[in-house]
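Novice: My structure is in start_0.cif, and what it holds is mmCIF, C-alpha atoms and all ligand atoms:
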data_input
loop_
_atom_site.label_atom_id
_atom_site.label_comp_id
_atom_site.auth_asym_id
_atom_site.auth_seq_id
_atom_site.Cartn_x
_atom_site.Cartn_y
_atom_site.Cartn_z
CA ILE A 1 -12.58 -19.36 4.79
CA GLU A 2 -15.96 -18.63 3.22
CA ASP A 3 -16.93 -20.58 0.12
CA LEU A 4 -17.21 -17.59 -2.21
CA PRO A 5 -16.29 -17.03 -5.87
CA PRO A 6 -12.55 -16.27 -6.20
CA MET A 7 -12.15 -12.59 -7.03
CA HIS A 8 -9.66 -13.30 -9.81
CA GLU A 9 -12.17 -15.55 -11.57
CA THR A 10 -14.68 -12.70 -11.79
CA THR A 11 -12.30 -10.31 -13.56
CA ASP A 12 -10.57 -10.49 -16.94
CA PHE A 13 -7.42 -9.04 -15.40
CA PRO A 14 -5.22 -10.55 -12.66
CA MET A 15 -6.09 -9.62 -9.06
CA GLY A 16 -3.24 -8.57 -6.81
CA VAL A 17 -2.82 -7.87 -3.11
CA ALA A 18 -0.03 -6.15 -1.19
CA ILE A 19 1.31 -8.27 1.65
CA ASP A 20 4.20 -8.89 3.95
CA SER A 21 5.44 -12.26 5.18
CA ARG A 22 2.59 -12.46 7.73
CA GLU A 23 0.12 -13.28 4.97
CA THR A 24 2.15 -16.21 3.66
CA VAL A 25 1.01 -18.60 6.43
CA GLY A 26 -2.19 -19.85 8.03
CA ALA A 27 -5.74 -18.78 7.27
CA ALA A 28 -4.65 -15.46 5.74
CA ALA A 29 -2.63 -17.38 3.16
CA GLN A 30 -5.67 -19.56 2.38
CA LEU A 31 -7.86 -16.51 1.86
CA LEU A 32 -5.19 -14.89 -0.30
CA THR A 33 -4.59 -17.86 -2.58
CA ARG A 34 -8.31 -18.34 -3.09
CA HIS A 35 -9.00 -14.80 -4.26
CA PHE A 36 -5.76 -13.43 -5.72
CA ASN A 37 -3.26 -14.55 -8.35
CA ASN A 38 -0.68 -11.82 -7.88
CA ILE A 39 1.14 -10.29 -4.91
CA THR A 40 3.05 -7.06 -4.30
CA PRO A 41 5.55 -6.82 -1.43
CA GLU A 42 4.14 -3.97 0.65
CA ASN A 43 7.54 -3.14 2.17
CA HIS A 44 9.99 -6.05 1.72
CA MET A 45 11.49 -4.99 -1.64
CA LYS A 46 11.85 -1.27 -0.95
CA PRO A 47 15.44 -0.01 -1.27
CA GLU A 48 16.24 0.07 2.46
CA ALA A 49 14.89 -3.45 2.97
CA TRP A 50 17.81 -4.94 1.04
CA TYR A 51 20.66 -3.51 3.17
CA ASP A 52 22.01 -4.32 6.60
CA ALA A 53 23.41 -1.68 8.96
CA GLU A 54 26.87 -2.10 7.42
CA ARG A 55 25.46 -1.20 3.98
CA ASN A 56 25.78 -4.74 2.71
CA PHE A 57 23.19 -5.87 0.20
CA ARG A 58 21.65 -9.22 1.11
CA PRO A 59 18.67 -11.24 -0.19
CA HIS A 60 16.80 -11.03 3.11
CA ASP A 61 14.41 -13.63 4.53
CA GLN A 62 11.16 -11.73 4.09
CA ALA A 63 11.63 -11.06 0.39
CA ILE A 64 12.52 -14.72 -0.03
CA ALA A 65 9.41 -15.76 1.93
CA LEU A 66 7.22 -13.82 -0.50
CA MET A 67 8.95 -15.22 -3.59
CA ASP A 68 8.79 -18.80 -2.24
CA PHE A 69 5.12 -18.36 -1.40
CA ALA A 70 4.39 -17.04 -4.88
CA ARG A 71 6.27 -19.83 -6.60
CA THR A 72 4.61 -22.54 -4.48
CA ASN A 73 1.14 -21.15 -5.09
CA ASN A 74 1.57 -20.13 -8.69
CA LEU A 75 1.15 -16.40 -8.05
CA GLY A 76 2.83 -13.62 -9.99
CA VAL A 77 4.99 -11.10 -8.13
CA TYR A 78 4.78 -7.38 -8.88
CA GLY A 79 7.97 -5.94 -7.38
CA HIS A 80 7.87 -2.66 -5.42
CA VAL A 81 10.09 -0.59 -5.70
CA LEU A 82 13.54 0.09 -7.18
CA VAL A 83 13.75 3.89 -6.92
CA TRP A 84 11.81 6.00 -4.41
CA HIS A 85 12.46 9.19 -2.42
CA SER A 86 11.34 7.38 0.76
CA GLN A 87 12.52 4.21 2.55
CA THR A 88 15.93 4.51 0.90
CA PRO A 89 19.19 4.35 2.89
CA ALA A 90 20.46 7.88 3.61
CA TRP A 91 23.98 6.92 2.53
CA PHE A 92 22.79 6.58 -1.08
CA PHE A 93 22.89 10.38 -1.20
CA GLN A 94 26.00 10.99 0.92
CA ASP A 95 29.72 11.08 0.30
CA GLY A 96 32.27 9.07 2.30
CA ALA A 97 32.21 11.64 5.11
CA GLY A 98 28.42 11.56 5.44
CA ALA A 99 27.92 14.94 3.74
CA PRO A 100 25.23 15.33 1.06
CA LEU A 101 26.43 14.56 -2.47
CA SER A 102 26.86 17.72 -4.52
CA THR A 103 25.89 18.18 -8.14
CA SER A 104 29.50 17.95 -9.32
CA ALA A 105 30.14 15.59 -12.22
CA ALA A 106 32.04 13.27 -9.88
CA HIS A 107 29.20 13.09 -7.35
CA GLN A 108 26.62 12.61 -10.07
CA GLN A 109 28.60 9.62 -11.24
CA VAL A 110 28.69 8.25 -7.69
CA LEU A 111 24.90 8.29 -7.59
CA ARG A 112 24.52 6.81 -11.09
CA ASP A 113 26.83 3.98 -10.06
CA ARG A 114 24.88 3.38 -6.84
CA LEU A 115 21.63 3.27 -8.79
CA ARG A 116 23.02 0.78 -11.27
CA THR A 117 24.60 -1.35 -8.55
CA HIS A 118 21.34 -1.44 -6.58
CA VAL A 119 19.16 -2.40 -9.55
CA PHE A 120 21.57 -5.13 -10.62
CA ALA A 121 21.91 -6.46 -7.06
CA VAL A 122 18.12 -6.86 -6.76
CA ALA A 123 17.90 -8.58 -10.14
CA GLU A 124 20.89 -10.80 -9.47
CA SER A 125 19.76 -11.92 -6.02
CA LEU A 126 16.26 -12.82 -7.28
CA SER A 127 17.51 -14.63 -10.39
CA ASP A 128 20.29 -16.50 -8.53
CA ARG A 129 17.68 -18.05 -6.32
CA TYR A 130 14.71 -18.45 -8.67
CA GLY A 131 16.30 -18.85 -12.07
CA PRO A 132 16.42 -16.25 -14.81
CA PHE A 133 13.42 -13.95 -15.19
CA GLY A 134 11.05 -15.53 -17.65
CA SER A 135 11.85 -19.11 -16.56
CA ALA A 136 9.11 -21.31 -15.07
CA THR A 137 10.62 -21.16 -11.57
CA ASN A 138 10.80 -17.36 -11.32
CA PRO A 139 7.46 -15.71 -10.36
CA MET A 140 8.59 -12.09 -10.89
CA ARG A 141 6.34 -10.47 -13.53
CA ALA A 142 6.70 -6.72 -13.07
CA PHE A 143 8.50 -4.06 -11.05
CA ASP A 144 7.77 -0.49 -10.05
CA VAL A 145 10.99 1.03 -11.36
CA VAL A 146 10.29 4.54 -10.10
CA ASN A 147 7.62 5.49 -7.57
CA GLU A 148 6.04 8.89 -6.85
CA VAL A 149 8.42 10.99 -8.94
CA VAL A 150 5.74 13.52 -9.97
CA ALA A 151 5.33 16.74 -7.96
CA ASP A 152 2.16 17.28 -5.92
CA SER A 153 1.78 20.88 -7.10
CA GLY A 154 2.10 22.60 -10.45
CA GLU A 155 4.90 24.93 -9.33
CA PHE A 156 7.72 23.34 -11.39
CA SER A 157 7.81 23.47 -15.18
CA ASP A 158 8.96 19.85 -15.45
CA GLY A 159 6.32 18.71 -12.95
CA LEU A 160 8.78 16.53 -11.02
CA ARG A 161 9.19 15.96 -7.29
CA ARG A 162 12.21 17.67 -5.79
CA SER A 163 13.79 14.58 -4.19
CA GLU A 164 17.45 13.83 -3.49
CA TRP A 165 17.51 11.81 -6.72
CA TYR A 166 16.26 14.86 -8.59
CA ARG A 167 18.50 17.36 -6.81
CA ILE A 168 21.65 15.46 -7.72
CA LEU A 169 20.82 14.07 -11.18
CA GLY A 170 17.75 15.92 -12.45
CA GLU A 171 15.22 14.10 -14.65
CA GLU A 172 18.01 11.82 -15.93
CA TYR A 173 17.68 9.49 -12.90
CA ILE A 174 14.29 8.32 -14.18
CA ASP A 175 15.69 7.40 -17.60
CA LEU A 176 18.65 5.65 -16.01
CA ALA A 177 16.47 3.66 -13.62
CA PHE A 178 14.46 2.24 -16.53
CA ARG A 179 17.51 1.58 -18.69
CA TYR A 180 19.33 -0.24 -15.89
CA ALA A 181 16.20 -2.20 -14.93
CA ASP A 182 15.62 -3.24 -18.54
CA GLU A 183 19.22 -4.38 -18.84
CA ALA A 184 19.22 -6.26 -15.52
CA PHE A 185 15.72 -7.81 -15.49
CA ASN A 186 15.04 -8.28 -19.20
CA ASP A 187 18.49 -8.98 -20.59
CA VAL A 188 21.42 -9.95 -18.34
CA HIS A 189 19.35 -11.99 -15.84
CA ALA A 190 16.53 -13.06 -18.19
CA VAL A 191 15.89 -16.07 -20.38
CA ALA A 192 17.60 -15.27 -23.69
CA GLY A 193 15.38 -13.36 -26.05
CA ALA A 194 12.61 -12.92 -23.45
CA ASP A 195 11.28 -9.63 -22.05
CA PRO A 196 9.61 -11.01 -18.93
CA VAL A 197 9.50 -8.20 -16.37
CA THR A 198 7.08 -5.38 -17.17
CA LEU A 199 8.64 -2.11 -16.07
CA PHE A 200 6.25 0.36 -14.41
CA ILE A 201 6.21 3.95 -13.34
CA ASN A 202 3.81 4.41 -10.42
CA ASP A 203 2.15 7.36 -8.69
CA TYR A 204 -0.74 8.51 -6.50
CA ASN A 205 -3.50 11.10 -7.02
CA THR A 206 -3.46 10.31 -10.72
CA GLU A 207 -7.26 10.48 -10.58
CA GLN A 208 -6.83 14.23 -10.01
CA SER A 209 -6.40 16.37 -13.11
CA GLY A 210 -3.26 18.34 -12.14
CA LYS A 211 -1.16 15.36 -11.10
CA GLN A 212 -2.54 13.39 -14.04
CA GLY A 213 -1.40 16.01 -16.53
CA ARG A 214 2.10 16.16 -15.08
CA TYR A 215 2.27 12.35 -15.00
CA LYS A 216 1.19 11.99 -18.60
CA ALA A 217 3.61 14.69 -19.78
CA LEU A 218 6.49 12.84 -18.09
CA VAL A 219 5.50 9.48 -19.59
CA GLN A 220 5.28 11.11 -23.03
CA ARG A 221 8.79 12.55 -22.62
CA LEU A 222 10.14 9.14 -21.56
CA ILE A 223 8.56 7.44 -24.57
CA ALA A 224 9.88 10.15 -26.89
CA ARG A 225 13.40 9.55 -25.56
CA GLY A 226 13.10 5.79 -26.09
CA VAL A 227 13.16 5.03 -22.36
CA PRO A 228 11.94 1.43 -21.83
CA VAL A 229 8.85 2.22 -19.74
CA ASP A 230 6.24 -0.50 -20.30
CA GLY A 231 3.53 0.38 -17.82
CA VAL A 232 1.77 3.21 -16.01
CA GLY A 233 0.56 2.51 -12.47
CA HIS A 234 -2.28 4.30 -10.69
CA GLN A 235 -2.19 3.82 -6.93
CA PHE A 236 -5.81 4.92 -6.34
CA HIS A 237 -5.70 5.55 -2.60
CA VAL A 238 -9.20 7.04 -2.60
CA SER A 239 -12.21 7.57 -0.37
CA LEU A 240 -15.99 7.38 -0.73
CA SER A 241 -15.97 11.04 -1.76
CA THR A 242 -13.67 10.44 -4.76
CA PRO A 243 -15.98 10.22 -7.81
CA VAL A 244 -15.64 6.74 -9.35
CA ALA A 245 -15.76 8.41 -12.76
CA ASN A 246 -12.38 9.97 -12.01
CA LEU A 247 -10.79 6.51 -11.91
CA GLY A 248 -12.04 5.90 -15.44
CA THR A 249 -10.81 9.31 -16.56
CA ALA A 250 -7.33 8.49 -15.26
CA LEU A 251 -7.22 5.23 -17.23
CA ALA A 252 -8.65 6.94 -20.32
CA ALA A 253 -5.96 9.62 -20.20
CA PHE A 254 -3.22 7.08 -20.96
CA GLU A 255 -5.10 4.93 -23.46
CA ASP A 256 -3.49 6.58 -26.47
CA LEU A 257 0.06 5.85 -25.25
CA PRO A 258 1.96 2.62 -26.04
CA VAL A 259 1.86 1.40 -22.42
CA ILE A 260 -0.08 -1.10 -20.36
CA GLN A 261 -1.70 0.21 -17.17
CA ALA A 262 -2.25 -1.11 -13.65
CA VAL A 263 -4.21 -0.22 -10.55
CA THR A 264 -1.41 -0.74 -8.08
CA GLU A 265 -2.52 0.21 -4.55
CA LEU A 266 -6.30 0.41 -4.37
CA ASP A 267 -8.00 1.21 -1.07
CA VAL A 268 -11.19 3.17 -0.33
CA THR A 269 -11.54 4.74 3.10
CA THR A 270 -14.99 4.96 4.64
CA GLY A 271 -14.22 7.63 7.24
CA THR A 272 -14.90 6.99 10.94
CA PRO A 273 -16.83 5.73 12.73
CA VAL A 274 -17.26 2.74 10.45
CA THR A 275 -20.99 1.98 10.19
CA GLN A 276 -23.06 -0.64 8.39
CA ALA A 277 -24.33 2.14 6.13
CA ASN A 278 -20.91 3.28 4.99
CA LEU A 279 -19.71 -0.31 4.53
CA ILE A 280 -22.64 -0.80 2.16
CA GLU A 281 -21.86 2.48 0.42
CA GLN A 282 -18.30 1.17 0.05
CA GLY A 283 -19.71 -2.02 -1.48
CA TYR A 284 -21.38 0.05 -4.19
CA TYR A 285 -18.16 2.02 -4.64
CA PHE A 286 -16.18 -1.17 -5.30
CA ARG A 287 -18.94 -2.41 -7.61
CA ASP A 288 -18.82 0.75 -9.70
CA ALA A 289 -15.01 0.96 -9.66
CA PHE A 290 -14.65 -2.65 -10.80
CA ARG A 291 -17.26 -2.09 -13.51
CA VAL A 292 -14.98 0.68 -14.79
CA PHE A 293 -11.92 -1.58 -14.50
CA ARG A 294 -13.72 -4.34 -16.43
CA THR A 295 -14.26 -1.95 -19.34
CA TYR A 296 -10.47 -1.40 -19.41
CA ALA A 297 -9.62 -5.09 -18.92
CA ASP A 298 -7.53 -5.31 -22.09
CA ASP A 299 -5.37 -2.40 -20.91
CA LEU A 300 -4.87 -3.62 -17.32
CA PHE A 301 -1.86 -5.64 -16.24
CA VAL A 302 -3.32 -6.14 -12.74
CA VAL A 303 -5.64 -4.54 -10.19
CA THR A 304 -4.01 -4.71 -6.75
CA VAL A 305 -5.62 -3.90 -3.40
CA TRP A 306 -3.22 -2.42 -0.84
CA GLY A 307 -3.64 -5.02 1.89
CA LEU A 308 -5.61 -8.20 2.54
CA THR A 309 -7.65 -7.22 5.61
CA ASP A 310 -8.74 -3.88 7.06
CA GLY A 311 -6.58 -4.12 10.17
CA ARG A 312 -3.47 -4.46 8.01
CA SER A 313 -4.14 -1.30 6.03
CA TRP A 314 -1.87 1.74 6.42
CA ARG A 315 -5.14 3.76 6.35
CA VAL A 316 -7.16 1.81 8.92
CA GLY A 317 -7.38 4.98 11.02
CA ASN A 318 -9.56 6.49 8.28
CA GLY A 319 -11.96 3.55 8.35
CA ALA A 320 -12.05 0.03 6.89
CA PRO A 321 -10.45 0.57 3.44
CA LEU A 322 -10.21 -3.00 2.03
CA VAL A 323 -12.40 -5.92 0.89
CA PHE A 324 -11.96 -8.42 3.77
CA ASP A 325 -12.42 -7.75 7.49
CA ASP A 326 -10.13 -8.81 10.33
CA ASN A 327 -12.01 -12.10 10.72
CA LEU A 328 -11.11 -12.83 7.07
CA ARG A 329 -14.78 -12.42 6.09
CA ALA A 330 -15.91 -10.80 2.87
CA LYS A 331 -17.27 -7.27 3.29
CA PRO A 332 -19.84 -5.66 1.00
CA ALA A 333 -16.73 -4.32 -0.80
CA TYR A 334 -15.92 -7.89 -1.86
CA HIS A 335 -19.47 -8.48 -3.11
CA GLY A 336 -19.29 -5.21 -5.02
CA ALA A 337 -15.94 -6.05 -6.59
CA VAL A 338 -17.22 -9.39 -7.91
CA ASP A 339 -20.48 -7.70 -9.02
CA GLY A 340 -22.53 -9.86 -6.67
CA GLU A 341 -25.59 -9.10 -4.50
CA LEU A 342 -25.47 -5.98 -2.33
CA PRO A 343 -27.93 -4.95 0.38
CA ALA A 344 -30.07 -1.93 -0.52
O1 LIG B 401 9.15 -2.99 10.40
C1 LIG B 401 9.20 -1.94 11.36
C2 LIG B 401 9.14 -2.50 12.75
O2 LIG B 401 10.28 -3.26 12.97
C3 LIG B 401 9.05 -1.34 13.74
O3 LIG B 401 8.93 -1.81 15.02
C4 LIG B 401 7.87 -0.45 13.40
C5 LIG B 401 7.78 0.78 14.30
O4 LIG B 401 7.26 1.88 13.62
O5 LIG B 401 7.99 0.01 12.08
C6 LIG B 401 8.01 -1.04 11.13
O6 LIG B 401 8.15 -0.48 9.87
C7 LIG B 401 7.00 0.13 9.34
C8 LIG B 401 6.69 -0.55 8.03
O7 LIG B 401 5.61 0.09 7.40
C9 LIG B 401 6.33 -2.02 8.19
O8 LIG B 401 5.13 -2.14 8.91
C10 LIG B 401 7.29 1.59 9.11
O9 LIG B 401 7.45 2.26 10.34
C11 LIG B 401 6.17 2.24 8.34
O10 LIG B 401 6.56 3.54 7.97
C12 LIG B 401 5.91 1.45 7.07
O11 LIG B 401 4.81 2.03 6.42
C13 LIG B 401 4.69 1.70 5.06
C14 LIG B 401 4.78 2.95 4.22
O12 LIG B 401 4.57 2.62 2.85
C15 LIG B 401 6.14 3.62 4.36
O13 LIG B 401 6.22 4.74 3.59
C16 LIG B 401 3.34 1.04 4.86
O14 LIG B 401 3.33 -0.22 5.54
C17 LIG B 401 3.06 0.83 3.38
O15 LIG B 401 1.73 0.42 3.20
C18 LIG B 401 3.28 2.13 2.63
O16 LIG B 401 3.09 1.88 1.25
C19 LIG B 401 3.15 3.00 0.37
C20 LIG B 401 3.71 2.52 -0.93
O17 LIG B 401 4.97 1.92 -0.73
C21 LIG B 401 3.84 3.66 -1.95
N1 LIG B 401 2.56 4.34 -2.11
C22 LIG B 401 1.93 4.78 -0.88
C23 LIG B 401 1.77 3.63 0.10
C24 LIG B 401 1.06 4.07 1.36
O18 LIG B 401 1.82 5.00 2.08
#
Go through the file and emit its structure as structure tokens.
Specialist:
Amino acid sequence: IEDLPPMHETTDFPMGVAIDSRETVGAAAQLLTRHFNNITPENHMKPEAWYDAERNFRPHDQAIALMDFARTNNLGVYGHVLVWHSQTPAWFFQDGAGAPLSTSAAHQQVLRDRLRTHVFAVAESLSDRYGPFGSATNPMRAFDVVNEVVADSGEFSDGLRRSEWYRILGEEYIDLAFRYADEAFNDVHAVAGADPVTLFINDYNTEQSGKQGRYKALVQRLIARGVPVDGVGHQFHVSLSTPVANLGTALAAFEDLPVIQAVTELDVTTGTPVTQANLIEQGYYFRDAFRVFRTYADDLFVVTVWGLTDGRSWRVGNGAPLVFDDNLRAKPAYHGAVDGELPA
């Protein structure tokens, strides 16, 4: 591991990285614990990850590996995700015969109950093992309560994604997800009187004006209804052609709301082939993006990169999106992020 300044010591906000259990051992773990003080489970806490084929909820080994790793190394955990349209067991949305739930009052109640049961099962399994949220032995600090609920186009007046959650319950499922999460993570399974788990809404393309407007309108409605949403997440899956200024505009758009913000899934594709020139350009991109993030430091819960090394990125096919290469060496992107020296 190179002897370089830890990323999290160069920022006034925590630095996070999305991982799976592979990064909790060996040299990758050393690199991670040097540079980051927060982790997000890339896949291990998604709804479907918690259930076996017989639909039984169980606190599975990989989620435990991440929590143990965080506790041992004094890292925070940003949970991902309680409610999503993707990577969710199909039976959530089916009746006993395997047919889609209808929008009858009875079927709506079935889905509300499943939502509540799921949220409480996650909270209970993590607090049984690690102590109540807010205690010294429990590293959980935040959770994406709902992910990607905003529509990609402007065709719907409420601006919401038409998912199975939405089809059956309408906008109400978002309110319920936050209310159940607040009850489970910040009350029933928390240290008395504490409010330890910051509850986020999270979405992508929030650096684009249309999505951003729909996202903000939703968050404003939630706040107006007294829904316990604490934080607004910006995924920021961007490329070298995304103007850095747009990242600042996205953060600025939510500054007047009573929420904290987070950059939750940052990666910056270079395009292919990956060349020395575009890696350097990417270094300047990270420098400029992190300069923007530093100006919002007081508003940022965490800035998380979506993977430790390029080869582990879901976007590696679009060219080297992260700050460390597959030999665990710092790229120009690292030097940009810490505002260090960059080649001309
Ligand atoms: O674990 C299985 C493995 O057993 C199997 O052999 C293999 C064969 O395909 O699949 C493995 O699962 C894959 C999983 O990643 C773990 O590597 C899934 O197929 C694959 O679909 C899954 O992709 C993840 C994707 O979410 C799923 O939608 C990516 O790793 C993950 O980075 C990505 O993360 C999302 C965020 O949750 C939400 N925002 C967007 C972001 C990028 O798509």
Novice: Could you please extract the residues within 12 Å of ligand LIG 401 (chain B), counting all atoms listed in the file, and hand them back as a PyMOL selection string?
Specialist: chain A and resi 17-22+40-49+62+79-88+144+146-149+201-205+233-238+263-267+305-308+310-316
Novice: From the list A:Ala245, A:Ala277, A:Ala28, A:Val191, which residue is nearest Phe324 of chain A when using only C-alpha atoms?
Specialist: A:Ala28
Novice: Give the answer as one residue: which of A:Ala105, A:Ala194, A:Leu279, A:Val77 has the shortest atom-to-atom distance to Pro14 of chain A, using only C-alpha atoms?
Specialist: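 Smallest distance to Pro14 of chain A is found for A:Val77.
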Novice: Wanna dump the segment 189-282 of chain A-segment 171-178 of chain A contacts at 7 Å for me, each residue with its shortest atom pair and the distance in Å to one decimal, counting only C-alpha atoms, ordered by chain and number, as a tab-separated table?
Specialist:
residue	atom	partner	partner_atom	distance
A:Val227	CA	A:Asp175	CA	5.9
A:Pro228	CA	A:Phe178	CA	5.9
A:Val229	CA	A:Phe178	CA	6.5
Novice: Pick out the residues sitting within 12 Å of Ala252 of chain A, and hand them over as a list in words; count only C-alpha atoms, and ignore anything fewer than 2 positions along from it in its own chain.
Specialist: Thr206, Glu207, Gln212, Lys216, Val232, His234, Ala245, Asn246, Leu247, Gly248, Thr249, Ala250, Phe254, Glu255, Asp256, Leu257, Ile260, Gln261, Val292, Phe293, Thr295, Tyr296, Asp299 and Leu300 of chain A
Novice: Could you check which of A:Met67, A:Phe290, A:Ala262, A:Asn327 is closest to Gly231 of chain A, using only C-alpha atoms?
Specialist: A:Ala262
Novice: If the box runs along x, y and z of the file and leaves 3 Å on each side of segment 252-267 of chain A, what are its centre and edge lengths in Å, one decimal, as lines of an AutoDock Vina configuration file?
Specialist:
center_x = -3.3
center_y = 4.3
center_z = -13.8
size_x = 16.6
size_y = 16.7
size_z = 31.4
Novice: My list of candidates is A:Ser125, A:Met7, A:Gly96, A:Ile1. Which is closest to Ala27 of chain A when distances are computed with all atoms listed in the file?
Specialist: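 Under the stated criterion, the closest residue is A:Ile1.
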Novice: In Å, how far is it from atom CA of Ile39 of chain A to atom CA of Leu126 of chain A?
Specialist: 15.5 Å
Novice: With distances taken over only C-alpha atoms, which of A:Ala320, A:Ala289, A:Ala63, A:Val303 is nearest to Gln276 of chain A?
Specialist: A:Ala320
Novice: In terms of the shortest atom-to-atom distance over all atoms listed in the file, which of A:Thr24, A:Asn318, A:Thr269, A:Asn278 is closest to Thr72 of chain A?
Specialist: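 Closest candidate: A:Thr24.
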Novice: Quote the spacing between atom CA of Val244 of chain A and atom CA of Phe286 of chain A in Å to one decimal place.
Specialist: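 These two atoms are separated by 8.9 Å.
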Novice: What's the separation between atom CA of Thr11 of chain A and atom CA of His335 of chain A, in Å to one decimal place?
Specialist: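 Calculated distance between atom CA of Thr11 of chain A and atom CA of His335 of chain A is 12.8 Å.
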Novice: Reconstruct N, CA and C atoms of segment 84-104 of chain A; output as a PDB file, in the coordinates of the input.
Specialist:
ATOM      1  N   TRP A  84      12.841   5.233  -5.134  1.00  0.00           N
ATOM      2  CA  TRP A  84      11.810   6.000  -4.410  1.00  0.00           C
ATOM      3  C   TRP A  84      12.535   7.074  -3.594  1.00  0.00           C
ATOM      4  N   HIS A  85      11.835   8.156  -3.255  1.00  0.00           N
ATOM      5  CA  HIS A  85      12.460   9.190  -2.420  1.00  0.00           C
ATOM      6  C   HIS A  85      12.414   8.785  -0.941  1.00  0.00           C
ATOM      7  N   SER A  86      11.572   7.777  -0.631  1.00  0.00           N
ATOM      8  CA  SER A  86      11.340   7.380   0.760  1.00  0.00           C
ATOM      9  C   SER A  86      11.881   5.970   0.971  1.00  0.00           C
ATOM     10  N   GLN A  87      12.060   5.575   2.222  1.00  0.00           N
ATOM     11  CA  GLN A  87      12.520   4.210   2.550  1.00  0.00           C
ATOM     12  C   GLN A  87      13.739   3.792   1.722  1.00  0.00           C
ATOM     13  N   THR A  88      14.669   4.726   1.609  1.00  0.00           N
ATOM     14  CA  THR A  88      15.930   4.510   0.900  1.00  0.00           C
ATOM     15  C   THR A  88      17.054   4.858   1.872  1.00  0.00           C
ATOM     16  N   PRO A  89      18.111   4.035   1.933  1.00  0.00           N
ATOM     17  CA  PRO A  89      19.190   4.350   2.890  1.00  0.00           C
ATOM     18  C   PRO A  89      19.737   5.767   2.653  1.00  0.00           C
ATOM     19  N   ALA A  90      19.960   6.510   3.728  1.00  0.00           N
ATOM     20  CA  ALA A  90      20.460   7.880   3.610  1.00  0.00           C
ATOM     21  C   ALA A  90      21.812   7.933   2.916  1.00  0.00           C
ATOM     22  N   TRP A  91      22.621   6.891   3.098  1.00  0.00           N
ATOM     23  CA  TRP A  91      23.980   6.920   2.530  1.00  0.00           C
ATOM     24  C   TRP A  91      23.976   6.897   1.004  1.00  0.00           C
ATOM     25  N   PHE A  92      22.855   6.491   0.377  1.00  0.00           N
ATOM     26  CA  PHE A  92      22.790   6.580  -1.080  1.00  0.00           C
ATOM     27  C   PHE A  92      23.170   7.980  -1.559  1.00  0.00           C
ATOM     28  N   PHE A  93      22.779   8.977  -0.773  1.00  0.00           N
ATOM     29  CA  PHE A  93      22.890  10.380  -1.200  1.00  0.00           C
ATOM     30  C   PHE A  93      24.014  11.117  -0.474  1.00  0.00           C
ATOM     31  N   GLN A  94      24.927  10.364   0.140  1.00  0.00           N
ATOM     32  CA  GLN A  94      26.000  10.990   0.920  1.00  0.00           C
ATOM     33  C   GLN A  94      27.372  10.569   0.384  1.00  0.00           C
ATOM     34  N   ASP A  95      28.348  11.449   0.655  1.00  0.00           N
ATOM     35  CA  ASP A  95      29.720  11.080   0.300  1.00  0.00           C
ATOM     36  C   ASP A  95      30.336  10.273   1.449  1.00  0.00           C
ATOM     37  N   GLY A  96      31.613   9.933   1.313  1.00  0.00           N
ATOM     38  CA  GLY A  96      32.270   9.070   2.300  1.00  0.00           C
ATOM     39  C   GLY A  96      32.285   9.661   3.700  1.00  0.00           C
ATOM     40  N   ALA A  97      32.181  10.995   3.797  1.00  0.00           N
ATOM     41  CA  ALA A  97      32.210  11.640   5.110  1.00  0.00           C
ATOM     42  C   ALA A  97      30.807  11.868   5.663  1.00  0.00           C
ATOM     43  N   GLY A  98      29.798  11.390   4.952  1.00  0.00           N
ATOM     44  CA  GLY A  98      28.420  11.560   5.440  1.00  0.00           C
ATOM     45  C   GLY A  98      27.790  12.886   5.030  1.00  0.00           C
ATOM     46  N   ALA A  99      28.487  13.667   4.205  1.00  0.00           N
ATOM     47  CA  ALA A  99      27.920  14.940   3.740  1.00  0.00           C
ATOM     48  C   ALA A  99      27.072  14.686   2.484  1.00  0.00           C
ATOM     49  N   PRO A 100      26.054  15.534   2.251  1.00  0.00           N
ATOM     50  CA  PRO A 100      25.230  15.330   1.060  1.00  0.00           C
ATOM     51  C   PRO A 100      26.066  15.362  -0.217  1.00  0.00           C
ATOM     52  N   LEU A 101      25.782  14.475  -1.154  1.00  0.00           N
ATOM     53  CA  LEU A 101      26.430  14.560  -2.470  1.00  0.00           C
ATOM     54  C   LEU A 101      26.101  15.909  -3.089  1.00  0.00           C
ATOM     55  N   SER A 102      27.086  16.464  -3.795  1.00  0.00           N
ATOM     56  CA  SER A 102      26.860  17.720  -4.520  1.00  0.00           C
ATOM     57  C   SER A 102      26.391  17.377  -5.930  1.00  0.00           C
ATOM     58  N   THR A 103      26.273  18.415  -6.750  1.00  0.00           N
ATOM     59  CA  THR A 103      25.890  18.180  -8.140  1.00  0.00           C
ATOM     60  C   THR A 103      27.115  18.217  -9.064  1.00  0.00           C
ATOM     61  N   SER A 104      28.299  18.035  -8.482  1.00  0.00           N
ATOM     62  CA  SER A 104      29.500  17.950  -9.320  1.00  0.00           C
ATOM     63  C   SER A 104      29.416  16.714 -10.203  1.00  0.00           C
TER      64      SER A 104
END
